[in-house]
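Structure file structure31.pdb (PDB, C-alpha atoms, pLDDT in the B column) follows.
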```
ATOM      1  CA  MET A  13     -96.095 -63.382 109.132  1.00 70.00           C
ATOM      2  CA  ASN A  14     -95.364 -64.550 105.642  1.00 84.00           C
ATOM      3  CA  ASP A  15     -91.986 -64.322 103.952  1.00 87.00           C
ATOM      4  CA  LEU A  16     -92.957 -61.463 101.637  1.00 88.00           C
ATOM      5  CA  THR A  17     -94.246 -59.338 104.524  1.00 88.00           C
ATOM      6  CA  GLU A  18     -91.084 -59.973 106.481  1.00 86.00           C
ATOM      7  CA  LYS A  19     -88.910 -58.980 103.507  1.00 90.00           C
ATOM      8  CA  PHE A  20     -90.916 -55.784 103.077  1.00 91.00           C
ATOM      9  CA  ILE A  21     -90.530 -54.865 106.745  1.00 89.00           C
ATOM     10  CA  TRP A  22     -86.766 -55.447 106.656  1.00 90.00           C
ATOM     11  CA  ALA A  23     -86.481 -53.398 103.465  1.00 93.00           C
ATOM     12  CA  GLU A  24     -88.386 -50.556 105.127  1.00 92.00           C
ATOM     13  CA  LEU A  25     -86.163 -50.709 108.204  1.00 93.00           C
ATOM     14  CA  LYS A  26     -82.998 -50.677 106.082  1.00 94.00           C
ATOM     15  CA  TYR A  27     -84.330 -47.692 104.123  1.00 94.00           C
ATOM     16  CA  LYS A  28     -85.118 -45.760 107.314  1.00 93.00           C
ATOM     17  CA  LEU A  29     -81.754 -46.579 108.905  1.00 94.00           C
ATOM     18  CA  TYR A  30     -79.935 -45.548 105.741  1.00 95.00           C
ATOM     19  CA  GLY A  31     -81.870 -42.285 105.764  1.00 93.00           C
ATOM     20  CA  ILE A  32     -80.846 -41.600 109.348  1.00 93.00           C
ATOM     21  CA  ALA A  33     -77.199 -42.323 108.538  1.00 93.00           C
ATOM     22  CA  VAL A  34     -77.256 -40.004 105.519  1.00 94.00           C
ATOM     23  CA  ASN A  35     -78.963 -37.239 107.488  1.00 91.00           C
ATOM     24  CA  ILE A  36     -76.377 -37.513 110.262  1.00 92.00           C
ATOM     25  CA  GLN A  37     -73.518 -37.560 107.760  1.00 92.00           C
ATOM     26  CA  ASN A  38     -74.884 -34.500 105.943  1.00 93.00           C
ATOM     27  CA  ASP A  39     -75.674 -32.755 109.232  1.00 92.00           C
ATOM     28  CA  ASP A  40     -79.313 -32.390 108.149  1.00 90.00           C
ATOM     29  CA  TYR A  41     -80.806 -32.851 111.596  1.00 90.00           C
ATOM     30  CA  ARG A  42     -81.587 -29.659 113.490  1.00 90.00           C
ATOM     31  CA  ASP A  43     -81.221 -31.315 116.874  1.00 90.00           C
ATOM     32  CA  ASN A  44     -81.053 -34.629 118.696  1.00 91.00           C
ATOM     33  CA  GLN A  45     -84.849 -34.730 119.043  1.00 93.00           C
ATOM     34  CA  GLU A  46     -85.190 -35.241 115.283  1.00 92.00           C
ATOM     35  CA  ILE A  47     -82.795 -38.169 115.416  1.00 92.00           C
ATOM     36  CA  LEU A  48     -84.651 -39.666 118.374  1.00 93.00           C
ATOM     37  CA  SER A  49     -87.969 -39.255 116.596  1.00 93.00           C
ATOM     38  CA  ASP A  50     -86.702 -41.187 113.572  1.00 92.00           C
ATOM     39  CA  ILE A  51     -85.236 -43.912 115.776  1.00 93.00           C
ATOM     40  CA  LYS A  52     -88.521 -44.220 117.688  1.00 94.00           C
ATOM     41  CA  GLU A  53     -90.284 -44.853 114.347  1.00 91.00           C
ATOM     42  CA  ILE A  54     -87.950 -47.760 113.724  1.00 92.00           C
ATOM     43  CA  LEU A  55     -88.512 -49.129 117.205  1.00 92.00           C
ATOM     44  CA  LYS A  56     -92.279 -48.996 116.711  1.00 91.00           C
ATOM     45  CA  ILE A  57     -91.923 -51.057 113.537  1.00 87.00           C
ATOM     46  CA  LEU A  58     -89.744 -53.593 115.324  1.00 88.00           C
ATOM     47  CA  GLU A  59     -92.144 -53.825 118.268  1.00 88.00           C
ATOM     48  CA  SER A  60     -95.108 -54.386 115.968  1.00 85.00           C
ATOM     49  CA  THR A  61     -93.374 -57.256 114.200  1.00 81.00           C
ATOM     50  CA  ASN A  62     -91.987 -59.002 117.283  1.00 72.00           C
ATOM     51  CA  PRO A  63     -94.536 -58.849 120.128  1.00 58.00           C
TER      52      PRO A  63
END
```
Rewrite the structure of this file - the entire thing - as structure tokens.
Amino acid sequence: MNDLTEKFIWAELKYKLYGIAVNIQNDDYRDNQEILSDIKEILKILESTNP
């Protein structure tokens, strides 16, 4: 994985984590399943970059 790809992946992860934090803070999630779904997306990204 080249440096630019790695930077992009980390930027995407930070963006998604920030989104989760904001949604939790603003009470925008309907239930815990929505939170888990967003977290699973992040885990899939991490798994694909670190086999």
Discussion item. If I take CA of Tyr27 in chain A and CA of Asn62 in chain A, how far is one from the other in Å, to one decimal?
Written reply: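 Distance between the two atoms: 19.0 Å.
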Discussion item. Could you check which residues have any atom within 12 Å of (-91.8, -53.3, 105.6), counting all atoms listed in the file with coordinates taken straight from the file, and then list them as a PyMOL selection string?
Written reply: chain A and resi 13-28+54+56-58+60-61
Discussion item. With only C-alpha atoms as the counted atoms, please give the residues lying no more than 12 Å from Asn35 in chain A, apart from itself and same-chain residues fewer than 5 positions off, as an NGL selection string.
Written reply: :A and (28-30 or 40-44 or 46-47 or 50)
Just write the chosen residues, C-alpha atoms, as a PDB file, in the frame of the given file.
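The resulting file, result01.pdb, is reproduced below:
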```pdb
ATOM      1  CA  LYS A  28     -85.118 -45.760 107.314  1.00 93.00           C
ATOM      2  CA  LEU A  29     -81.754 -46.579 108.905  1.00 94.00           C
ATOM      3  CA  TYR A  30     -79.935 -45.548 105.741  1.00 95.00           C
ATOM      4  CA  ASP A  40     -79.313 -32.390 108.149  1.00 90.00           C
ATOM      5  CA  TYR A  41     -80.806 -32.851 111.596  1.00 90.00           C
ATOM      6  CA  ARG A  42     -81.587 -29.659 113.490  1.00 90.00           C
ATOM      7  CA  ASP A  43     -81.221 -31.315 116.874  1.00 90.00           C
ATOM      8  CA  ASN A  44     -81.053 -34.629 118.696  1.00 91.00           C
ATOM      9  CA  GLU A  46     -85.190 -35.241 115.283  1.00 92.00           C
ATOM     10  CA  ILE A  47     -82.795 -38.169 115.416  1.00 92.00           C
ATOM     11  CA  ASP A  50     -86.702 -41.187 113.572  1.00 92.00           C
TER      12      ASP A  50
END
```
